[in-house]
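**Q** Got a file for you: query.cif, mmCIF, C-alpha atoms.
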```cif
data_data
#
loop_
_atom_site.group_PDB
_atom_site.id
_atom_site.type_symbol
_atom_site.label_atom_id
_atom_site.label_comp_id
_atom_site.auth_asym_id
_atom_site.auth_seq_id
_atom_site.Cartn_x
_atom_site.Cartn_y
_atom_site.Cartn_z
ATOM 1 C CA MET V 1 -50.096 -46.790 -94.466
ATOM 2 C CA SER V 2 -51.923 -43.638 -93.384
ATOM 3 C CA THR V 3 -53.931 -43.423 -90.150
ATOM 4 C CA THR V 4 -56.803 -41.246 -88.914
ATOM 5 C CA ASN V 5 -54.328 -39.060 -87.035
ATOM 6 C CA SER V 6 -51.661 -38.861 -89.699
ATOM 7 C CA PRO V 7 -48.247 -37.868 -88.335
ATOM 8 C CA LEU V 8 -46.104 -34.972 -89.420
ATOM 9 C CA ILE V 9 -42.836 -36.576 -90.559
ATOM 10 C CA LEU V 10 -39.695 -34.437 -90.373
ATOM 11 C CA ILE V 11 -36.945 -36.196 -92.308
ATOM 12 C CA PHE V 12 -33.460 -34.972 -91.368
ATOM 13 C CA SER V 13 -30.217 -35.507 -93.216
ATOM 14 C CA GLY V 14 -26.706 -34.105 -92.987
ATOM 15 C CA LYS V 15 -23.020 -34.945 -93.151
ATOM 16 C CA ARG V 16 -21.107 -36.576 -90.309
ATOM 17 C CA LYS V 17 -20.452 -34.089 -87.498
ATOM 18 C CA SER V 18 -22.950 -31.607 -88.952
ATOM 19 C CA GLY V 19 -24.764 -31.926 -85.622
ATOM 20 C CA LYS V 20 -28.025 -33.416 -86.873
ATOM 21 C CA ASP V 21 -28.419 -35.505 -83.712
ATOM 22 C CA TYR V 22 -27.944 -32.369 -81.604
ATOM 23 C CA VAL V 23 -30.584 -30.513 -83.640
ATOM 24 C CA THR V 24 -33.117 -33.343 -83.571
ATOM 25 C CA ASP V 25 -32.562 -33.885 -79.829
ATOM 26 C CA LEU V 26 -33.166 -30.160 -79.308
ATOM 27 C CA ILE V 27 -36.480 -30.336 -81.176
ATOM 28 C CA HIS V 28 -37.523 -33.472 -79.327
ATOM 29 C CA LYS V 29 -36.753 -31.863 -75.982
ATOM 30 C CA GLY V 30 -38.730 -28.758 -76.949
ATOM 31 C CA LEU V 31 -41.812 -30.718 -78.043
ATOM 32 C CA GLY V 32 -41.771 -33.485 -75.420
ATOM 33 C CA ASP V 33 -42.284 -37.247 -75.546
ATOM 34 C CA ASP V 34 -46.073 -37.059 -75.909
ATOM 35 C CA THR V 35 -45.821 -34.968 -79.069
ATOM 36 C CA CYS V 36 -42.650 -36.167 -80.735
ATOM 37 C CA CYS V 37 -40.502 -39.260 -81.207
ATOM 38 C CA ILE V 38 -37.083 -39.669 -82.788
ATOM 39 C CA LEU V 39 -36.824 -42.579 -85.212
ATOM 40 C CA ARG V 40 -33.345 -43.582 -86.343
ATOM 41 C CA LEU V 41 -33.104 -45.677 -89.489
ATOM 42 C CA SER V 42 -29.647 -46.727 -88.348
ATOM 43 C CA GLY V 43 -31.102 -48.309 -85.190
ATOM 44 C CA PRO V 44 -32.747 -51.344 -86.833
ATOM 45 C CA LEU V 45 -29.844 -51.554 -89.291
ATOM 46 C CA LYS V 46 -27.331 -51.827 -86.438
ATOM 47 C CA GLU V 47 -29.579 -54.240 -84.550
ATOM 48 C CA GLN V 48 -29.859 -56.602 -87.513
ATOM 49 C CA TYR V 49 -26.145 -56.253 -88.308
ATOM 50 C CA ALA V 50 -25.220 -57.060 -84.702
ATOM 51 C CA LYS V 51 -27.463 -60.153 -84.680
ATOM 52 C CA GLU V 52 -26.045 -61.507 -87.926
ATOM 53 C CA HIS V 53 -22.415 -60.845 -86.968
ATOM 54 C CA GLY V 54 -22.491 -61.631 -83.239
ATOM 55 C CA LEU V 55 -21.642 -58.075 -82.170
ATOM 56 C CA ASP V 56 -22.611 -55.807 -79.274
ATOM 57 C CA PHE V 57 -25.682 -53.829 -80.398
ATOM 58 C CA GLY V 58 -25.304 -51.314 -77.555
ATOM 59 C CA GLU V 59 -21.725 -50.517 -78.573
ATOM 60 C CA LEU V 60 -22.777 -50.056 -82.193
ATOM 61 C CA LEU V 61 -25.297 -47.422 -81.055
ATOM 62 C CA GLY V 62 -22.535 -45.416 -79.381
ATOM 63 C CA ALA V 63 -20.086 -42.944 -80.868
ATOM 64 C CA GLY V 64 -16.866 -44.727 -79.938
ATOM 65 C CA GLN V 65 -14.191 -46.725 -81.734
ATOM 66 C CA TYR V 66 -16.224 -49.947 -81.567
ATOM 67 C CA LYS V 67 -18.741 -48.552 -84.058
ATOM 68 C CA GLU V 68 -16.026 -46.980 -86.211
ATOM 69 C CA ARG V 69 -14.265 -50.355 -86.490
ATOM 70 C CA TYR V 70 -17.313 -51.866 -88.188
ATOM 71 C CA ARG V 71 -18.753 -48.772 -89.903
ATOM 72 C CA ALA V 72 -17.480 -49.446 -93.447
ATOM 73 C CA ASP V 73 -18.570 -53.101 -93.478
ATOM 74 C CA MET V 74 -21.900 -52.204 -91.867
ATOM 75 C CA ILE V 75 -22.539 -49.626 -94.613
ATOM 76 C CA GLN V 76 -21.873 -52.207 -97.331
ATOM 77 C CA TRP V 77 -24.080 -54.756 -95.574
ATOM 78 C CA GLY V 78 -26.877 -52.190 -95.293
ATOM 79 C CA GLU V 79 -26.619 -51.395 -99.000
ATOM 80 C CA ARG V 80 -27.054 -55.073 -99.867
ATOM 81 C CA MET V 81 -30.139 -55.266 -97.639
ATOM 82 C CA ARG V 82 -31.634 -52.160 -99.259
ATOM 83 C CA GLU V 83 -31.037 -53.552 -102.743
ATOM 84 C CA GLN V 84 -33.211 -56.520 -101.771
ATOM 85 C CA ASP V 85 -35.864 -54.391 -100.017
ATOM 86 C CA PRO V 86 -35.522 -50.559 -100.052
ATOM 87 C CA GLY V 87 -38.103 -50.109 -97.275
ATOM 88 C CA PHE V 88 -36.783 -52.777 -94.903
ATOM 89 C CA PHE V 89 -35.165 -50.480 -92.313
ATOM 90 C CA CYS V 90 -37.829 -47.774 -92.705
ATOM 91 C CA ARG V 91 -40.623 -50.179 -91.760
ATOM 92 C CA LEU V 92 -38.698 -51.432 -88.747
ATOM 93 C CA ALA V 93 -37.966 -47.883 -87.571
ATOM 94 C CA ILE V 94 -41.588 -46.693 -87.527
ATOM 95 C CA ARG V 95 -43.318 -49.834 -86.280
ATOM 96 C CA GLN V 96 -44.010 -48.542 -82.754
ATOM 97 C CA ALA V 97 -44.349 -44.805 -83.445
ATOM 98 C CA LYS V 98 -47.619 -43.300 -82.155
ATOM 99 C CA GLN V 99 -46.886 -39.600 -81.594
ATOM 100 C CA PRO V 100 -48.238 -36.896 -83.910
ATOM 101 C CA VAL V 101 -44.710 -35.783 -84.905
ATOM 102 C CA TRP V 102 -42.059 -38.190 -86.133
ATOM 103 C CA ILE V 103 -38.441 -37.128 -86.532
ATOM 104 C CA ILE V 104 -36.433 -39.330 -88.880
ATOM 105 C CA SER V 105 -33.021 -38.236 -87.670
ATOM 106 C CA ASP V 106 -30.679 -39.933 -90.126
ATOM 107 C CA ALA V 107 -31.982 -40.265 -93.699
ATOM 108 C CA ARG V 108 -28.986 -40.954 -95.923
ATOM 109 C CA ARG V 109 -30.189 -42.217 -99.281
ATOM 110 C CA MET V 110 -32.689 -41.239 -101.934
ATOM 111 C CA SER V 111 -34.362 -44.622 -101.425
ATOM 112 C CA ASP V 112 -35.104 -43.613 -97.797
ATOM 113 C CA LEU V 113 -36.881 -40.437 -98.926
ATOM 114 C CA GLN V 114 -38.692 -42.196 -101.756
ATOM 115 C CA TRP V 115 -40.108 -44.792 -99.378
ATOM 116 C CA PHE V 116 -41.502 -42.152 -97.011
ATOM 117 C CA TRP V 117 -42.794 -40.013 -99.870
ATOM 118 C CA ARG V 118 -44.586 -43.043 -101.305
ATOM 119 C CA GLU V 119 -46.080 -44.268 -98.013
ATOM 120 C CA PHE V 120 -46.870 -40.812 -96.546
ATOM 121 C CA PRO V 121 -47.166 -38.485 -99.576
ATOM 122 C CA GLN V 122 -48.778 -35.523 -97.762
ATOM 123 C CA GLN V 123 -46.985 -35.697 -94.446
ATOM 124 C CA CYS V 124 -43.238 -35.466 -95.087
ATOM 125 C CA ARG V 125 -40.980 -32.423 -94.742
ATOM 126 C CA CYS V 126 -37.272 -32.698 -95.572
ATOM 127 C CA VAL V 127 -34.714 -30.889 -93.419
ATOM 128 C CA ARG V 128 -31.002 -30.592 -94.159
ATOM 129 C CA VAL V 129 -28.556 -29.825 -91.337
ATOM 130 C CA GLU V 130 -25.347 -28.197 -92.539
ATOM 131 C CA ALA V 131 -22.089 -27.118 -90.905
ATOM 132 C CA SER V 132 -18.888 -25.811 -92.431
ATOM 133 C CA GLU V 133 -15.995 -28.199 -92.958
ATOM 134 C CA GLN V 134 -13.953 -26.214 -90.432
ATOM 135 C CA ILE V 135 -16.628 -26.673 -87.761
ATOM 136 C CA ARG V 136 -16.957 -30.361 -88.569
ATOM 137 C CA LEU V 137 -13.193 -30.776 -88.186
ATOM 138 C CA GLN V 138 -13.392 -29.062 -84.787
ATOM 139 C CA ARG V 139 -16.068 -31.575 -83.793
ATOM 140 C CA GLY V 140 -13.764 -34.479 -84.594
ATOM 141 C CA TRP V 141 -14.553 -35.211 -88.238
ATOM 142 C CA LYS V 142 -11.806 -36.565 -90.452
ATOM 143 C CA PHE V 143 -12.314 -37.574 -94.066
ATOM 144 C CA THR V 144 -12.363 -41.365 -94.302
ATOM 145 C CA PRO V 145 -12.288 -43.028 -97.756
ATOM 146 C CA GLY V 146 -15.070 -45.576 -98.176
ATOM 147 C CA ILE V 147 -17.250 -43.718 -95.674
ATOM 148 C CA ASP V 148 -17.300 -40.004 -96.497
ATOM 149 C CA ASP V 149 -17.392 -40.662 -100.242
ATOM 150 C CA ALA V 150 -20.003 -43.462 -99.989
ATOM 151 C CA GLU V 151 -23.715 -43.161 -100.756
ATOM 152 C CA SER V 152 -24.447 -43.153 -97.024
ATOM 153 C CA GLU V 153 -22.777 -39.709 -96.822
ATOM 154 C CA CYS V 154 -23.302 -38.333 -100.335
ATOM 155 C CA GLY V 155 -26.617 -39.852 -101.450
ATOM 156 C CA LEU V 156 -28.659 -36.723 -100.653
ATOM 157 C CA ASP V 157 -26.110 -34.076 -101.680
ATOM 158 C CA GLN V 158 -28.004 -33.474 -104.925
ATOM 159 C CA GLY V 159 -31.478 -33.969 -106.322
ATOM 160 C CA VAL V 160 -33.458 -33.113 -103.175
ATOM 161 C CA LYS V 161 -35.509 -29.955 -102.701
ATOM 162 C CA PHE V 162 -35.295 -29.453 -98.941
ATOM 163 C CA ASP V 163 -38.122 -27.695 -97.123
ATOM 164 C CA TRP V 164 -35.606 -26.304 -94.621
ATOM 165 C CA ILE V 165 -31.817 -25.980 -94.565
ATOM 166 C CA ILE V 166 -30.547 -25.499 -91.012
ATOM 167 C CA ASN V 167 -27.131 -23.906 -90.495
ATOM 168 C CA ASN V 168 -25.563 -25.478 -87.420
ATOM 169 C CA ASN V 169 -22.163 -23.849 -86.963
ATOM 170 C CA GLY V 170 -22.468 -23.592 -83.194
ATOM 171 C CA GLU V 171 -24.309 -20.276 -82.874
ATOM 172 C CA ALA V 172 -27.120 -21.067 -80.427
ATOM 173 C CA GLU V 173 -29.267 -17.966 -81.069
ATOM 174 C CA LEU V 174 -29.094 -18.413 -84.856
ATOM 175 C CA LEU V 175 -30.025 -22.073 -84.542
ATOM 176 C CA GLU V 176 -32.964 -21.260 -82.278
ATOM 177 C CA GLU V 177 -34.224 -18.676 -84.763
ATOM 178 C CA GLN V 178 -34.006 -21.169 -87.638
ATOM 179 C CA LEU V 179 -36.003 -23.775 -85.710
ATOM 180 C CA LYS V 180 -38.939 -21.492 -84.834
ATOM 181 C CA GLU V 181 -40.941 -22.333 -87.952
ATOM 182 C CA LEU V 182 -40.433 -26.050 -87.390
ATOM 183 C CA PHE V 183 -41.675 -25.756 -83.816
ATOM 184 C CA VAL V 184 -44.770 -23.843 -84.962
ATOM 185 C CA LEU V 185 -45.593 -26.480 -87.588
ATOM 186 C CA ALA V 186 -45.091 -29.340 -85.121
ATOM 187 C CA LYS V 187 -47.227 -27.732 -82.411
ATOM 188 C CA GLU V 188 -50.007 -27.022 -84.904
ATOM 189 C CA LYS V 189 -49.956 -30.670 -85.966
ATOM 190 C CA SER V 190 -50.097 -31.843 -82.362
ATOM 191 C CA ALA V 191 -53.011 -29.544 -81.573
ATOM 192 C CA HIS V 192 -54.870 -30.706 -84.700
ATOM 193 C CA ASN V 193 -54.415 -34.378 -83.824
ATOM 194 C CA ASN V 194 -55.490 -33.780 -80.222
ATOM 195 C CA GLY V 195 -58.634 -32.046 -81.491
ATOM 196 C CA GLN V 196 -59.418 -34.972 -83.785
ATOM 197 C CA GLN V 197 -58.954 -37.425 -80.915
ATOM 198 C CA ARG V 198 -61.300 -35.473 -78.651
ATOM 199 C CA SER V 199 -63.941 -35.482 -81.393
ATOM 200 C CA ILE V 200 -63.600 -39.254 -81.776
ATOM 201 C CA ASN V 201 -63.866 -39.810 -78.007
ATOM 202 C CA SER V 202 -66.829 -37.443 -77.449
#
```
If you convert what's in this file into C-alpha cells, what do you get?
**A**
Amino acid sequence: MSTTNSPLILIFSGKRKSGKDYVTDLIHKGLGDDTCCILRLSGPLKEQYAKEHGLDFGELLGAGQYKERYRADMIQWGERMREQDPGFFCRLAIRQAKQPVWIISDARRMSDLQWFWREFPQQCRCVRVEASEQIRLQRGWKFTPGIDDAESECGLDQGVKFDWIINNNGEAELLEEQLKELFVLAKEKSAHNNGQQRSINS
C-alpha cells in the first residue's frame, strides 16, 4: 500500500483524559493542513455504528453524554467487527489521506498497530501520551467498569516499544520541549516529499 511519496505515520495512543487529542491537535496546528492530517480510527467506527443503529453520528463524535450512553455497546460492536476484519476501520480512516504526515490520533489495540506495521513497515512511529491519574481525574475522568478495563483502554499498556512517550500533565513548556523532535522529523519528511514532487514535475 506504499506510494511514491510515502507518508510519515505517527500513531498515538493513551488513556482517556490523557490529552492525546490536545497533543495531536497541537501538532496539526503547528504543521498545517498541507503537511499534516489527523486520522481518527474511531471516526469510521462511529459512522458505521450510527448507520447500523439509527443514531446521530455527529453526537457520537462529540464529548457529551450522548456518546457516553452508547460507549460500552459501541466498543463491543467494534470488537466484533475487528474480529471479522482487523483492518476494517484502519482502511476507512486513511482512504482520503494525501498529506506527507499522517497522525493516527487514537490507536487502542495491538491489531491497529499490527495493521499499520504490516502495510507501512518503514513509515510508522508510535507515540504514547501519558498523564497522571490525579490529572486525569481533574480533567473529568472517572473509572468506568467495562470501559476503562476493556481492551480499548488497556490493549496497548504492555508489549509495545514506543518511539516517544509524551508526558502531558498540563505543563505547556515541558510539553513543547517534548514535541520538538517530532516537529523536526515531520518537517524533514514534508521537505523530502516536496523535493520528490518537484523532481517528478520538472
**Q** From the options V:Leu185, V:Ile11, V:Ala172, V:Cys124, which residue's atoms come nearest to Asp106 (chain V), counting all atoms listed in the file?
**A**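 Closest candidate: V:Ile11.
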**Q** Per residue of region 101-132 of chain V within 10 Å of region 153-169 of chain V, which atom pair is closest and at what distance in Å (one decimal), using all atoms listed in the file, listed by chain and increasing number, as CSV?
**A**
```
residue,atom,partner,partner_atom,distance
V:Ala107,CA,V:Leu156,CA,8.5
V:Arg108,CA,V:Gly155,CA,6.1
V:Arg109,CA,V:Gly155,CA,4.8
V:Met110,CA,V:Leu156,CA,6.2
V:Ser111,CA,V:Gly155,CA,9.1
V:Asp112,CA,V:Leu156,CA,9.9
V:Leu113,CA,V:Val160,CA,9.1
V:Cys124,CA,V:Asp163,CA,9.5
V:Arg125,CA,V:Asp163,CA,6.0
V:Cys126,CA,V:Phe162,CA,5.1
V:Val127,CA,V:Trp164,CA,4.8
V:Arg128,CA,V:Ile165,CA,4.7
V:Val129,CA,V:Ile166,CA,4.8
V:Glu130,CA,V:Asn167,CA,5.1
V:Ala131,CA,V:Asn169,CA,5.1
V:Ser132,CA,V:Asn169,CA,6.7
```
**Q** Quick one: residues within 8 Å of Cys36 (chain V), only C-alpha atoms counted, chain neighbours fewer than 5 positions away excluded, as a ChimeraX atom specification?
**A** /V:28,31,99-103
**Q** With C-alpha atoms kept, could you save the residues just selected as a CSV table (one decimal), in the frame of the given file?
**A**
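Here's the written file out-v6.csv:
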```csv
chain,number,residue,atom,x,y,z
V,28,HIS,CA,-37.5,-33.5,-79.3
V,31,LEU,CA,-41.8,-30.7,-78.0
V,99,GLN,CA,-46.9,-39.6,-81.6
V,100,PRO,CA,-48.2,-36.9,-83.9
V,101,VAL,CA,-44.7,-35.8,-84.9
V,102,TRP,CA,-42.1,-38.2,-86.1
V,103,ILE,CA,-38.4,-37.1,-86.5
```
**Q** Which residues are near region 45-57 of chain V? Cut-off 10 Å, all atoms listed in the file, ignore same chain within fewer than 4 positions. Put them as a list of chain:residue names.
**A**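 With the cut-off at 10 Å, the set is V:Arg40, V:Leu41, V:Leu61, V:Gly62, V:Tyr66, V:Lys67, V:Tyr70, V:Arg71, V:Asp73, V:Met74, V:Ile75, V:Trp77, V:Gly78, V:Met81, V:Phe88, V:Phe89, V:Cys90, V:Leu92, V:Ala93.
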**Q** I'd like the interatomic distance between CA of Leu60 (chain V) and CA of Asp33 (chain V), to a tenth of an Å.
**A**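 Taking CA of Leu60 (chain V) and CA of Asp33 (chain V), their separation equals 24.3 Å.
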**Q** Would you translate the PyMOL selection byres ((chain V and resi 122) around 10) into the concrete set of residues it matches in this file, as a PyMOL selection string?
**A** chain V and resi 2+6-9+116-121+123-125
**Q** Where's the centre, and what are the edge lengths in Å to one decimal, of a box along x, y and z enclosing all listed atoms of region 40-53 of chain V padded 3 Å per side, as lines of an AutoDock Vina configuration file?
**A**
```
center_x = -27.9
center_y = -52.5
center_z = -87.0
size_x = 16.9
size_y = 23.9
size_z = 10.9
```
**Q** So what do you get for CA of Gln196 (chain V) versus CA of Asp34 (chain V), distance-wise?
**A**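 Atom-to-atom, CA of Gln196 (chain V) and CA of Asp34 (chain V) are spaced 15.6 Å apart.
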**Q** Between CA of Gly146 (chain V) and CA of Gly58 (chain V), measure the distance and give it in Å to one decimal.
**A** 23.7 Å
**Q** Looking at only C-alpha atoms, which of V:Lys20, V:Lys98, V:Arg82, V:Lys15 is the one that sits closest to Leu175 (chain V)?
**A** V:Lys20
**Q** In terms of the shortest atom-to-atom distance over only C-alpha atoms, which of V:Phe183, V:Gly140, V:Leu39, V:Ile104 is closest to Leu10 (chain V)?
**A**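 Answer, going by the shortest atom-to-atom distance: V:Ile104.
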**Q** Nearest to Gly14 (chain V): which of V:Ser190, V:Arg136, V:Leu179, V:Pro44 is it, counting all atoms listed in the file?
**A**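 The answer is V:Arg136, which sits nearest to Gly14 (chain V).
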**Q** Looking at V:Ser18, V:Gln96, V:Ile27, V:Ile147, which one is nearest to Gln134 (chain V), with distances taken over all atoms listed in the file?
**A** V:Ser18
**Q** Residues at most 9 Å from Asp21 (chain V), counting only C-alpha atoms, excluding those fewer than 4 positions away in the same chain, as a list in words?
**A**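 Neighbouring residues, sequence-local ones excluded: Lys17, Asp25, Leu26, Ser105 and Asp106 of chain V.
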**Q** Name the closest residue to Ala191 (chain V) among the candidates V:Phe143, V:Glu177, V:Thr35, V:Gln138; distances are taken between atoms, counting all atoms listed in the file.
**A**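 Between V:Phe143, V:Glu177, V:Thr35, V:Gln138, the residue approaching Ala191 (chain V) most closely is V:Thr35.
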